[in-house]
file run.txt (compact mmCIF, C-alpha atoms and all ligand atoms)
# COMPACT_ATOMS: atom_id res chain seq x y z
CA MET A 1 27.87 -0.49 17.82
CA SER A 2 24.77 0.21 15.67
CA LYS A 3 22.01 2.05 17.50
CA TYR A 4 19.64 -0.68 16.26
CA TYR A 5 21.02 -3.32 18.61
CA LYS A 6 19.32 -1.52 21.48
CA THR A 7 15.96 -1.55 19.66
CA GLN A 8 13.58 -4.38 18.92
CA MET A 9 13.73 -6.58 15.86
CA LEU A 10 10.55 -6.97 13.85
CA ASN A 11 9.63 -10.44 15.12
CA GLU A 12 10.15 -9.45 18.78
CA PHE A 13 8.00 -6.33 18.29
CA ILE A 14 5.18 -8.25 16.58
CA LEU A 15 5.20 -10.85 19.36
CA ASN A 16 4.99 -8.10 21.99
CA GLN A 17 2.12 -6.49 20.06
CA GLN A 18 0.40 -9.87 19.84
CA ASN A 19 -0.07 -9.79 23.62
CA ALA A 20 -2.56 -6.96 23.00
CA PHE A 21 -4.77 -9.53 21.26
CA PRO A 22 -5.85 -11.92 24.06
CA TYR A 23 -6.96 -14.66 21.69
CA ALA A 24 -4.01 -14.35 19.30
CA LYS A 25 -2.23 -17.66 18.94
CA GLY A 26 0.73 -16.25 17.05
CA ASP A 27 -0.70 -16.92 13.58
CA LEU A 28 -0.63 -13.28 12.52
CA THR A 29 2.88 -13.03 13.95
CA ARG A 30 3.96 -15.98 11.82
CA LEU A 31 2.27 -14.49 8.74
CA LEU A 32 4.00 -11.12 9.19
CA TYR A 33 7.29 -12.97 9.66
CA HIS A 34 6.76 -14.82 6.35
CA LEU A 35 5.91 -11.56 4.58
CA SER A 36 9.11 -9.99 5.89
CA LEU A 37 11.09 -13.05 4.75
CA ALA A 38 9.70 -12.78 1.21
CA SER A 39 10.51 -9.06 1.19
CA LYS A 40 14.14 -9.79 2.07
CA LEU A 41 14.41 -12.11 -0.93
CA VAL A 42 12.86 -9.45 -3.17
CA ASN A 43 15.10 -6.79 -1.65
CA ARG A 44 18.19 -8.81 -2.56
CA GLU A 45 17.11 -9.03 -6.20
CA VAL A 46 16.02 -5.37 -6.36
CA ASN A 47 19.46 -4.36 -5.12
CA MET A 48 21.19 -6.55 -7.69
CA ALA A 49 18.72 -6.00 -10.55
CA GLY A 50 21.22 -4.03 -12.57
CA LEU A 51 23.81 -6.77 -12.23
CA ALA A 52 21.65 -9.86 -12.25
CA GLU A 53 20.22 -9.31 -15.73
CA ILE A 54 16.78 -9.30 -14.15
CA LEU A 55 15.88 -5.88 -15.46
CA GLY A 56 13.60 -5.40 -18.36
CA GLU A 57 10.48 -6.91 -19.75
CA THR A 58 9.22 -10.48 -19.83
CA GLY A 59 7.31 -9.71 -22.98
CA ARG A 60 4.08 -10.45 -21.12
CA THR A 61 1.40 -8.11 -19.83
CA ASN A 62 -0.68 -8.55 -16.65
CA ILE A 63 -4.43 -8.19 -16.25
CA GLN A 64 -3.90 -4.44 -16.01
CA GLY A 65 -2.43 -4.50 -19.51
CA GLU A 66 0.87 -3.36 -17.98
CA ASP A 67 4.22 -4.80 -19.10
CA VAL A 68 5.31 -7.46 -16.59
CA LYS A 69 8.94 -6.84 -15.83
CA LYS A 70 11.19 -9.64 -14.65
CA LEU A 71 11.39 -8.28 -11.10
CA ASP A 72 7.58 -8.06 -10.98
CA GLU A 73 7.40 -11.74 -11.83
CA PHE A 74 10.16 -12.68 -9.41
CA ALA A 75 8.55 -10.75 -6.56
CA ASN A 76 5.16 -12.29 -7.25
CA GLU A 77 6.63 -15.78 -7.30
CA GLN A 78 8.50 -15.23 -4.03
CA PHE A 79 5.46 -13.99 -2.13
CA ILE A 80 3.20 -16.72 -3.50
CA LYS A 81 5.76 -19.43 -2.66
CA ILE A 82 6.31 -18.19 0.89
CA MET A 83 2.63 -17.55 1.56
CA SER A 84 1.90 -21.05 0.30
CA SER A 85 4.41 -22.62 2.71
CA SER A 86 3.41 -20.45 5.69
CA GLY A 87 0.31 -22.50 6.52
CA MET A 88 -1.28 -19.20 7.60
CA VAL A 89 -2.75 -18.16 4.24
CA CYS A 90 -5.57 -19.99 2.43
CA GLY A 91 -5.39 -17.79 -0.67
CA LEU A 92 -4.31 -14.45 -2.06
CA ALA A 93 -5.13 -11.79 -4.64
CA SER A 94 -2.20 -10.30 -6.53
CA GLU A 95 -1.90 -7.51 -9.07
CA GLU A 96 -0.07 -10.03 -11.24
CA ASN A 97 -2.80 -12.70 -11.21
CA ASN A 98 -6.23 -12.52 -12.79
CA GLY A 99 -8.18 -14.43 -10.14
CA ILE A 100 -7.74 -15.64 -6.57
CA VAL A 101 -4.54 -17.63 -6.05
CA THR A 102 -5.08 -20.80 -4.00
CA PHE A 103 -2.47 -23.35 -2.96
CA ASP A 104 -2.66 -27.04 -3.70
CA ASN A 105 -1.55 -28.19 -0.28
CA SER A 106 -3.76 -29.20 2.63
CA LEU A 107 -1.71 -27.08 5.03
CA SER A 108 -2.94 -23.91 3.31
CA ARG A 109 -6.58 -25.02 3.43
CA GLU A 110 -6.23 -24.65 7.23
CA GLY A 111 -4.89 -21.10 6.81
CA LYS A 112 -7.16 -18.51 8.38
CA TYR A 113 -5.88 -15.46 6.51
CA ILE A 114 -6.26 -13.97 3.07
CA VAL A 115 -3.58 -11.65 1.63
CA CYS A 116 -4.11 -8.99 -1.04
CA LEU A 117 -0.80 -8.03 -2.60
CA ASP A 118 0.90 -5.67 -5.00
CA PRO A 119 4.17 -7.58 -5.14
CA LEU A 120 6.18 -4.80 -6.76
CA ASP A 121 4.42 -1.47 -7.07
CA GLY A 122 5.91 1.27 -9.21
CA SER A 123 7.57 -1.29 -11.46
CA SER A 124 7.74 1.19 -14.34
CA ASN A 125 10.58 2.70 -12.30
CA ILE A 126 12.62 -0.51 -12.02
CA ASP A 127 14.84 0.18 -15.02
CA VAL A 128 15.69 3.69 -13.87
CA ASN A 129 16.68 2.87 -10.29
CA VAL A 130 13.84 4.74 -8.62
CA SER A 131 12.52 3.27 -5.34
CA ILE A 132 9.68 0.77 -5.61
CA GLY A 133 7.70 -1.23 -3.09
CA THR A 134 5.51 -4.13 -2.04
CA ILE A 135 2.06 -3.43 -0.60
CA PHE A 136 0.08 -6.00 1.45
CA SER A 137 -3.30 -6.23 3.10
CA ILE A 138 -4.42 -9.06 5.42
CA TYR A 139 -7.97 -10.26 6.22
CA HIS A 140 -9.49 -13.14 8.12
CA ARG A 141 -11.00 -15.60 5.64
CA LYS A 142 -14.81 -15.81 5.50
CA THR A 143 -15.07 -19.37 4.13
CA PRO A 144 -14.77 -22.25 6.63
CA ILE A 145 -11.30 -23.40 7.67
CA GLY A 146 -10.36 -26.45 5.59
CA SER A 147 -12.43 -25.42 2.56
CA LEU A 148 -11.20 -23.97 -0.70
CA PRO A 149 -11.27 -20.15 -0.45
CA ASP A 150 -13.27 -18.13 -2.95
CA GLU A 151 -13.81 -14.52 -4.00
CA SER A 152 -16.01 -13.86 -0.97
CA ASP A 153 -12.80 -14.11 1.08
CA ILE A 154 -11.17 -11.46 -1.13
CA LEU A 155 -13.99 -8.97 -1.71
CA GLN A 156 -14.08 -7.54 1.81
CA PRO A 157 -14.17 -3.81 2.67
CA GLY A 158 -10.98 -2.29 4.03
CA ILE A 159 -12.50 -1.80 7.48
CA ARG A 160 -12.13 -5.59 7.89
CA GLN A 161 -8.38 -5.55 7.41
CA VAL A 162 -6.48 -7.32 10.20
CA ALA A 163 -3.17 -5.78 9.17
CA ALA A 164 -1.65 -3.83 6.26
CA GLY A 165 1.70 -2.46 5.29
CA TYR A 166 4.37 -1.90 2.70
CA ILE A 167 8.03 -2.54 2.12
CA ILE A 168 9.87 0.30 0.36
CA TYR A 169 13.04 -0.71 -1.49
CA GLY A 170 14.72 2.68 -1.45
CA SER A 171 17.88 4.31 -0.12
CA SER A 172 17.22 1.96 2.78
CA THR A 173 14.70 -0.87 2.87
CA MET A 174 11.85 -0.25 5.30
CA LEU A 175 8.85 -2.25 6.37
CA VAL A 176 5.95 -0.10 7.62
CA TYR A 177 2.85 -1.81 8.97
CA THR A 178 -0.19 -1.56 11.22
CA THR A 179 -2.46 -4.04 12.97
CA GLY A 180 -4.73 -1.25 14.17
CA LEU A 181 -2.48 -0.27 17.07
CA GLY A 182 -0.70 2.59 15.27
CA VAL A 183 1.89 2.60 12.47
CA THR A 184 5.40 1.28 13.05
CA GLY A 185 8.45 1.35 10.78
CA PHE A 186 11.38 -1.05 10.67
CA THR A 187 14.60 -0.51 8.76
CA LEU A 188 16.49 -3.47 7.32
CA ASP A 189 19.99 -3.77 8.68
CA PRO A 190 21.64 -5.71 5.85
CA SER A 191 24.61 -6.58 8.04
CA ILE A 192 22.39 -8.81 10.18
CA GLY A 193 19.49 -9.33 7.75
CA GLU A 194 16.98 -8.10 10.32
CA PHE A 195 14.28 -5.44 10.23
CA CYS A 196 15.02 -3.22 13.23
CA LEU A 197 12.51 -0.89 14.90
CA SER A 198 13.29 2.61 13.64
CA HIS A 199 9.99 4.55 13.62
CA PHE A 200 7.59 3.99 16.53
CA GLN A 201 3.95 5.18 16.36
CA ILE A 202 4.31 7.20 13.14
CA GLN A 203 1.89 10.15 13.08
CA THR A 204 1.40 12.14 9.88
CA PRO A 205 1.08 15.96 10.24
CA ASP A 206 -2.47 17.33 9.98
CA SER A 207 -1.29 19.40 7.02
CA GLY A 208 1.82 19.62 4.88
CA LEU A 209 3.57 21.46 2.07
CA ILE A 210 3.63 18.64 -0.48
CA TYR A 211 1.05 17.67 -3.08
CA SER A 212 1.57 14.58 -5.22
CA VAL A 213 -0.37 14.11 -8.46
CA ASN A 214 0.45 13.37 -12.09
CA GLU A 215 -0.04 16.87 -13.46
CA GLY A 216 0.27 15.47 -16.96
CA ASN A 217 -3.41 14.59 -16.50
CA TYR A 218 -4.33 18.13 -15.31
CA ASN A 219 -6.61 18.93 -18.26
CA ASP A 220 -8.45 15.61 -17.72
CA PHE A 221 -9.22 16.24 -14.05
CA SER A 222 -12.58 17.55 -12.81
CA PRO A 223 -12.87 21.34 -12.27
CA GLY A 224 -12.72 20.84 -8.48
CA VAL A 225 -9.46 18.87 -8.64
CA ARG A 226 -7.95 21.41 -11.06
CA LYS A 227 -8.95 24.27 -8.74
CA TYR A 228 -7.37 22.47 -5.78
CA ILE A 229 -4.12 21.99 -7.71
CA ASP A 230 -4.20 25.71 -8.63
CA TYR A 231 -4.80 26.47 -4.93
CA CYS A 232 -1.74 24.40 -3.99
CA LYS A 233 0.33 26.44 -6.43
CA SER A 234 -0.96 29.83 -5.33
CA ASN A 235 0.95 31.40 -2.47
CA LYS A 236 -1.83 33.84 -1.50
CA ASP A 237 -2.61 32.71 2.01
CA LYS A 238 0.26 30.40 2.78
CA LYS A 239 3.72 29.24 1.79
CA SER A 240 3.35 27.71 -1.68
CA LEU A 241 3.39 23.95 -1.69
CA SER A 242 5.90 21.78 -3.50
CA GLY A 243 4.80 19.34 -6.16
CA ARG A 244 6.51 15.98 -5.55
CA TYR A 245 5.56 12.95 -7.68
CA ILE A 246 7.81 9.93 -8.10
CA GLY A 247 5.24 7.78 -9.88
CA SER A 248 5.71 5.06 -7.29
CA LEU A 249 2.83 5.00 -4.81
CA VAL A 250 4.83 3.50 -1.97
CA SER A 251 7.52 6.17 -2.29
CA ASP A 252 5.13 9.10 -2.67
CA PHE A 253 2.95 7.80 0.16
CA HIS A 254 5.89 7.16 2.51
CA ARG A 255 7.40 10.62 2.00
CA ASN A 256 4.05 12.32 2.61
CA LEU A 257 3.33 10.09 5.63
CA MET A 258 6.57 11.21 7.24
CA LYS A 259 6.53 14.89 6.21
CA GLY A 260 2.84 15.65 5.69
CA GLY A 261 1.21 16.06 2.31
CA ILE A 262 -1.46 14.70 -0.01
CA TYR A 263 -1.29 12.02 -2.71
CA MET A 264 -4.01 12.09 -5.35
CA TYR A 265 -4.95 9.79 -8.19
CA PRO A 266 -8.20 11.43 -9.37
CA PRO A 267 -10.55 10.12 -12.06
CA THR A 268 -9.66 11.07 -15.64
CA ALA A 269 -11.52 10.70 -18.92
CA ALA A 270 -9.34 7.68 -19.73
CA GLN A 271 -9.72 6.20 -16.24
CA PRO A 272 -13.08 7.35 -14.77
CA SER A 273 -12.43 5.33 -11.59
CA GLY A 274 -8.83 6.43 -11.33
CA LYS A 275 -5.90 4.05 -11.80
CA LEU A 276 -5.15 2.63 -8.37
CA ARG A 277 -6.62 -0.69 -7.26
CA LEU A 278 -8.82 -0.78 -4.19
CA LEU A 279 -7.78 -4.13 -2.73
CA TYR A 280 -4.00 -4.07 -2.83
CA GLU A 281 -3.07 -0.40 -3.18
CA CYS A 282 -5.77 1.89 -1.73
CA ASN A 283 -7.12 -0.14 1.20
CA PRO A 284 -3.74 -0.96 2.79
CA MET A 285 -2.54 2.62 2.34
CA ALA A 286 -5.85 3.88 3.71
CA PHE A 287 -5.48 1.73 6.86
CA LEU A 288 -1.99 3.11 7.41
CA ALA A 289 -3.04 6.71 6.69
CA GLU A 290 -5.94 6.58 9.16
CA GLN A 291 -3.84 4.83 11.80
CA ALA A 292 -1.27 7.64 11.44
CA GLY A 293 -3.95 10.32 11.93
CA GLY A 294 -4.51 11.02 8.25
CA LYS A 295 -7.36 10.28 5.85
CA ALA A 296 -8.08 8.26 2.72
CA LYS A 297 -11.15 9.19 0.66
CA ASP A 298 -12.49 8.74 -2.87
CA GLY A 299 -13.05 12.47 -3.49
CA GLN A 300 -16.81 12.10 -3.06
CA GLY A 301 -16.79 12.02 0.74
CA ASN A 302 -16.52 8.22 1.04
CA ARG A 303 -13.88 6.57 3.21
CA ILE A 304 -11.85 4.26 1.00
CA MET A 305 -12.07 1.54 3.66
CA GLU A 306 -15.88 1.53 3.58
CA ILE A 307 -16.12 0.78 -0.14
CA VAL A 308 -17.36 -2.78 -0.69
CA PRO A 309 -15.26 -4.29 -3.50
CA GLN A 310 -17.17 -5.71 -6.48
CA GLU A 311 -14.20 -7.30 -8.24
CA ILE A 312 -10.58 -8.12 -7.41
CA HIS A 313 -8.88 -5.50 -9.59
CA GLN A 314 -11.43 -2.75 -9.00
CA ARG A 315 -10.02 0.77 -9.32
CA VAL A 316 -11.09 3.75 -7.18
CA PRO A 317 -10.21 7.45 -7.15
CA PHE A 318 -7.70 7.96 -4.35
CA PHE A 319 -6.99 11.02 -2.14
CA THR A 320 -4.89 10.28 0.92
CA GLY A 321 -2.52 11.88 3.42
CA SER A 322 -2.74 14.78 5.86
CA ARG A 323 -6.33 15.06 7.00
CA ASP A 324 -6.72 18.85 6.52
CA MET A 325 -5.46 18.51 2.93
CA VAL A 326 -7.80 15.64 2.09
CA ASP A 327 -10.69 17.63 3.57
CA LYS A 328 -9.66 20.66 1.49
CA VAL A 329 -9.58 18.85 -1.87
CA GLU A 330 -12.99 17.29 -1.16
CA GLU A 331 -14.29 20.77 -0.30
CA PHE A 332 -13.11 22.04 -3.69
CA ILE A 333 -14.70 19.05 -5.47
CA ARG A 334 -18.00 19.50 -3.59
CA ARG A 335 -18.10 23.23 -4.34
CA GLU A 336 -17.41 22.76 -8.06
CA THR A 337 -19.94 19.91 -8.28
CA LYS A 338 -22.62 22.20 -6.77
CA THR A 339 -21.67 24.94 -9.25
CA THR A 340 -21.83 22.65 -12.28
CA ASN A 341 -24.81 20.59 -11.00
CA PRO A 342 -26.80 23.13 -8.94
CA GLY A 343 -29.97 20.90 -8.95
P1 LIG B 1 0.90 7.37 -13.46
C1 LIG B 1 2.51 2.45 -10.46
O1 LIG B 1 2.14 1.82 -11.68
C2 LIG B 1 1.24 3.02 -9.85
O2 LIG B 1 0.30 2.01 -9.65
C3 LIG B 1 1.58 3.72 -8.55
O3 LIG B 1 2.65 3.15 -7.90
C4 LIG B 1 1.88 5.13 -8.99
O4 LIG B 1 1.63 6.10 -8.00
C5 LIG B 1 0.95 5.32 -10.18
O5 LIG B 1 0.71 4.02 -10.73
C6 LIG B 1 1.59 6.20 -11.24
O6 LIG B 1 0.65 6.28 -12.30
O7 LIG B 1 -0.32 7.24 -14.34
O8 LIG B 1 0.97 8.72 -12.80
O9 LIG B 1 2.19 6.98 -14.13

call {"tool": "encode", "arguments": {"input": "run.txt", "output": "structure tokens"}}
result
Amino acid sequence: MSKYYKTQMLNEFILNQQNAFPYAKGDLTRLLYHLSLASKLVNREVNMAGLAEILGETGRTNIQGEDVKKLDEFANEQFIKIMSSSGMVCGLASEENNGIVTFDNSLSREGKYIVCLDPLDGSSNIDVNVSIGTIFSIYHRKTPIGSLPDESDILQPGIRQVAAGYIIYGSSTMLVYTTGLGVTGFTLDPSIGEFCLSHFQIQTPDSGLIYSVNEGNYNDFSPGVRKYIDYCKSNKDKKSLSGRYIGSLVSDFHRNLMKGGIYMYPPTAAQPSGKLRLLYECNPMAFLAEQAGGKAKDGQGNRIMEIVPQEIHQRVPFFTGSRDMVDKVEEFIRRETKTTNPG
């Protein structure tokens, strides 16, 4: 008998959590259910990608100028279709779409939530069988119920998130999410097609022995970031850290969340605001990191979740994970900034 049968399934857990919100009418529960449903459809294709001829490019590029791979497109379509039929969502922002996605049905106009989505993050890894993921962020809409949503519904700071999470399609498929009451992980049991509670109240260690950054950009980083990376490599005052970088945010973030560590995507000459997008990569991960006792900052002392977005695909420098490690890299950046700009 699987150990899972004694634990809660996702929907049961969300419903129980809903009781903590006295005015909740089950809408967020229904929305999270629909997100998990879409993720199961994506999971099925991800697992069969090699067989189902769904690997490879579509020949198109998205607004980021990145090749749109068939699974990217499939995942985006699945989430849009299921969000549209949920009746909970009035509109969404997706990495794969230039502007806000609205739905031409009256049911959705009544939806009180907005979803920001990276339908398949790390897609450059699809063809080489490395784990990838979906990242989501949920807000209450700002425009009146019944009206057509607009960018004001999307461009909200991360502190206004109602819920956030990711699905990691890896050695097992996990859904990890928060509604502000801690971080909880569910593992998909394919034999019953249910996400089963497997990680309750995830807390990330205050420090760790893993640093995650694309060291191919080392020479492009600021002196402070370079000095921090050198510090991670030196074994003067501690056990030397391990560099671990999969190139898939969900995978790097999830490993560091569980074991302790720091993930960094600093500014470079080519990308002065870094590469990661605020709305559907950094904010949801920041909510999870903070709920798990970690931090998420921009390297200049600003909480990621306090940045007010100016445009849907805005990029921000991203430093997240164990709080002592995030503090340490910002200390290095501050010190080097003072040295180079003593004024
Ligand atoms: P680089 C994937 O495209 C992504 O957005 C994240 O999942 C990942 O951490 C990062 O970019 C990798 O970027 O420039 O190091 O290949």

call {"tool": "residues_near_ligand", "arguments": {"input": "run.txt", "ligand": "ligand LIG 1 (chain B)", "cutoff": "7 Å", "atoms": "all atoms listed in the file", "output": "JSON list (two decimals) with C-alpha atoms, keeping the file's coordinate frame"}}
result
[["chain", "number", "residue", "atom", "x", "y", "z"],
["A", 121, "ASP", "CA", 4.42, -1.47, -7.07],
["A", 122, "GLY", "CA", 5.91, 1.27, -9.21],
["A", 123, "SER", "CA", 7.57, -1.29, -11.46],
["A", 124, "SER", "CA", 7.74, 1.19, -14.34],
["A", 214, "ASN", "CA", 0.45, 13.37, -12.09],
["A", 247, "GLY", "CA", 5.24, 7.78, -9.88],
["A", 248, "SER", "CA", 5.71, 5.06, -7.29],
["A", 249, "LEU", "CA", 2.83, 5.00, -4.81],
["A", 250, "VAL", "CA", 4.83, 3.50, -1.97],
["A", 275, "LYS", "CA", -5.90, 4.05, -11.80],
["A", 276, "LEU", "CA", -5.15, 2.63, -8.37]]

call {"tool": "residues_around", "arguments": {"input": "run.txt", "residues": "A:Ser273", "least_positions_apart": "5", "cutoff": "8 Å", "atoms": "only C-alpha atoms", "output": "NGL selection string"}}
result
:A and (266-268 or 315-317)

call {"tool": "atom_distance", "arguments": {"input": "run.txt", "atom1": "atom CA of A:Gly185", "atom2": "atom CA of A:His199"}}
result
4.5 Å

call {"tool": "atom_distance", "arguments": {"input": "run.txt", "atom1": "atom CA of A:Gly294", "atom2": "atom CA of A:Gln8"}}
result
26.0 Å

call {"tool": "residues_around", "arguments": {"input": "run.txt", "residues": "A:Ile304", "least_positions_apart": "3", "cutoff": "12 Å", "atoms": "all atoms listed in the file", "output": "PDB file with C-alpha atoms, in the coordinates of the input"}}
result
ATOM      1  CA  PRO A 157     -14.170  -3.810   2.670  1.00  0.00           C
ATOM      2  CA  GLY A 158     -10.980  -2.290   4.030  1.00  0.00           C
ATOM      3  CA  ILE A 159     -12.500  -1.800   7.480  1.00  0.00           C
ATOM      4  CA  LEU A 276      -5.150   2.630  -8.370  1.00  0.00           C
ATOM      5  CA  ARG A 277      -6.620  -0.690  -7.260  1.00  0.00           C
ATOM      6  CA  LEU A 278      -8.820  -0.780  -4.190  1.00  0.00           C
ATOM      7  CA  LEU A 279      -7.780  -4.130  -2.730  1.00  0.00           C
ATOM      8  CA  GLU A 281      -3.070  -0.400  -3.180  1.00  0.00           C
ATOM      9  CA  CYS A 282      -5.770   1.890  -1.730  1.00  0.00           C
ATOM     10  CA  ASN A 283      -7.120  -0.140   1.200  1.00  0.00           C
ATOM     11  CA  PRO A 284      -3.740  -0.960   2.790  1.00  0.00           C
ATOM     12  CA  MET A 285      -2.540   2.620   2.340  1.00  0.00           C
ATOM     13  CA  ALA A 286      -5.850   3.880   3.710  1.00  0.00           C
ATOM     14  CA  PHE A 287      -5.480   1.730   6.860  1.00  0.00           C
ATOM     15  CA  LEU A 288      -1.990   3.110   7.410  1.00  0.00           C
ATOM     16  CA  ALA A 289      -3.040   6.710   6.690  1.00  0.00           C
ATOM     17  CA  GLU A 290      -5.940   6.580   9.160  1.00  0.00           C
ATOM     18  CA  LYS A 295      -7.360  10.280   5.850  1.00  0.00           C
ATOM     19  CA  ALA A 296      -8.080   8.260   2.720  1.00  0.00           C
ATOM     20  CA  LYS A 297     -11.150   9.190   0.660  1.00  0.00           C
ATOM     21  CA  ASP A 298     -12.490   8.740  -2.870  1.00  0.00           C
ATOM     22  CA  GLY A 299     -13.050  12.470  -3.490  1.00  0.00           C
ATOM     23  CA  GLN A 300     -16.810  12.100  -3.060  1.00  0.00           C
ATOM     24  CA  GLY A 301     -16.790  12.020   0.740  1.00  0.00           C
ATOM     25  CA  ILE A 307     -16.120   0.780  -0.140  1.00  0.00           C
ATOM     26  CA  VAL A 308     -17.360  -2.780  -0.690  1.00  0.00           C
ATOM     27  CA  PRO A 309     -15.260  -4.290  -3.500  1.00  0.00           C
ATOM     28  CA  ARG A 315     -10.020   0.770  -9.320  1.00  0.00           C
ATOM     29  CA  VAL A 316     -11.090   3.750  -7.180  1.00  0.00           C
ATOM     30  CA  PRO A 317     -10.210   7.450  -7.150  1.00  0.00           C
ATOM     31  CA  PHE A 318      -7.700   7.960  -4.350  1.00  0.00           C
ATOM     32  CA  PHE A 319      -6.990  11.020  -2.140  1.00  0.00           C
ATOM     33  CA  THR A 320      -4.890  10.280   0.920  1.00  0.00           C
TER      34      THR A 320
END

call {"tool": "closest_atom_pairs", "arguments": {"input": "run.txt", "of": "stretch 42-107 of chain A", "to": "stretch 149-156 of chain A", "cutoff": "12 Å", "atoms": "all atoms listed in the file", "output": "CSV"}}
result
residue,atom,partner,partner_atom,distance
A:Val89,CA,A:Pro149,CA,9.9
A:Cys90,CA,A:Pro149,CA,6.4
A:Gly91,CA,A:Pro149,CA,6.3
A:Leu92,CA,A:Ile154,CA,7.5
A:Ala93,CA,A:Ile154,CA,7.0
A:Ser94,CA,A:Ile154,CA,10.5
A:Asn98,CA,A:Glu151,CA,11.8
A:Gly99,CA,A:Glu151,CA,8.3
A:Ile100,CA,A:Glu151,CA,6.7
A:Val101,CA,A:Pro149,CA,9.1
A:Thr102,CA,A:Pro149,CA,7.2
A:Phe103,CA,A:Pro149,CA,9.7
A:Asp104,CA,A:Pro149,CA,11.5

call {"tool": "closest_residue", "arguments": {"input": "run.txt", "among": "A:Glu331, A:Arg323, A:Ala20, A:Ile168", "to": "A:Val130", "atoms": "all atoms listed in the file"}}
result
A:Ile168

call {"tool": "atom_distance", "arguments": {"input": "run.txt", "atom1": "atom CA of A:Ser198", "atom2": "atom CA of A:Asn19"}}
result
20.8 Å

call {"tool": "closest_residue", "arguments": {"input": "run.txt", "among": "A:Ser86, A:Gln64, A:Ser207, A:Ser172", "to": "A:Thr29", "atoms": "all atoms listed in the file"}}
result
A:Ser86

call {"tool": "closest_residue", "arguments": {"input": "run.txt", "among": "A:Asp67, A:Glu306, A:Glu73, A:Asp327", "to": "A:Leu120", "atoms": "only C-alpha atoms"}}
result
A:Glu73

call {"tool": "closest_residue", "arguments": {"input": "run.txt", "among": "A:Phe253, A:Phe332, A:Phe195, A:Tyr166", "to": "A:Lys227", "atoms": "only C-alpha atoms"}}
result
A:Phe332

call {"tool": "residues_around", "arguments": {"input": "run.txt", "residues": "A:Arg30", "least_positions_apart": "2", "cutoff": "10 Å", "atoms": "only C-alpha atoms", "output": "mmCIF file with C-alpha atoms, keeping the file's coordinate frame"}}
result
data_model
loop_
_atom_site.group_PDB
_atom_site.id
_atom_site.type_symbol
_atom_site.label_atom_id
_atom_site.label_comp_id
_atom_site.auth_asym_id
_atom_site.auth_seq_id
_atom_site.Cartn_x
_atom_site.Cartn_y
_atom_site.Cartn_z
ATOM 1 C CA ASN A 11 9.630 -10.440 15.120
ATOM 2 C CA ILE A 14 5.180 -8.250 16.580
ATOM 3 C CA LEU A 15 5.200 -10.850 19.360
ATOM 4 C CA LYS A 25 -2.230 -17.660 18.940
ATOM 5 C CA GLY A 26 0.730 -16.250 17.050
ATOM 6 C CA ASP A 27 -0.700 -16.920 13.580
ATOM 7 C CA LEU A 28 -0.630 -13.280 12.520
ATOM 8 C CA LEU A 32 4.000 -11.120 9.190
ATOM 9 C CA TYR A 33 7.290 -12.970 9.660
ATOM 10 C CA HIS A 34 6.760 -14.820 6.350
ATOM 11 C CA LEU A 35 5.910 -11.560 4.580
ATOM 12 C CA SER A 36 9.110 -9.990 5.890
ATOM 13 C CA SER A 86 3.410 -20.450 5.690
ATOM 14 C CA GLY A 87 0.310 -22.500 6.520
ATOM 15 C CA MET A 88 -1.280 -19.200 7.600
#
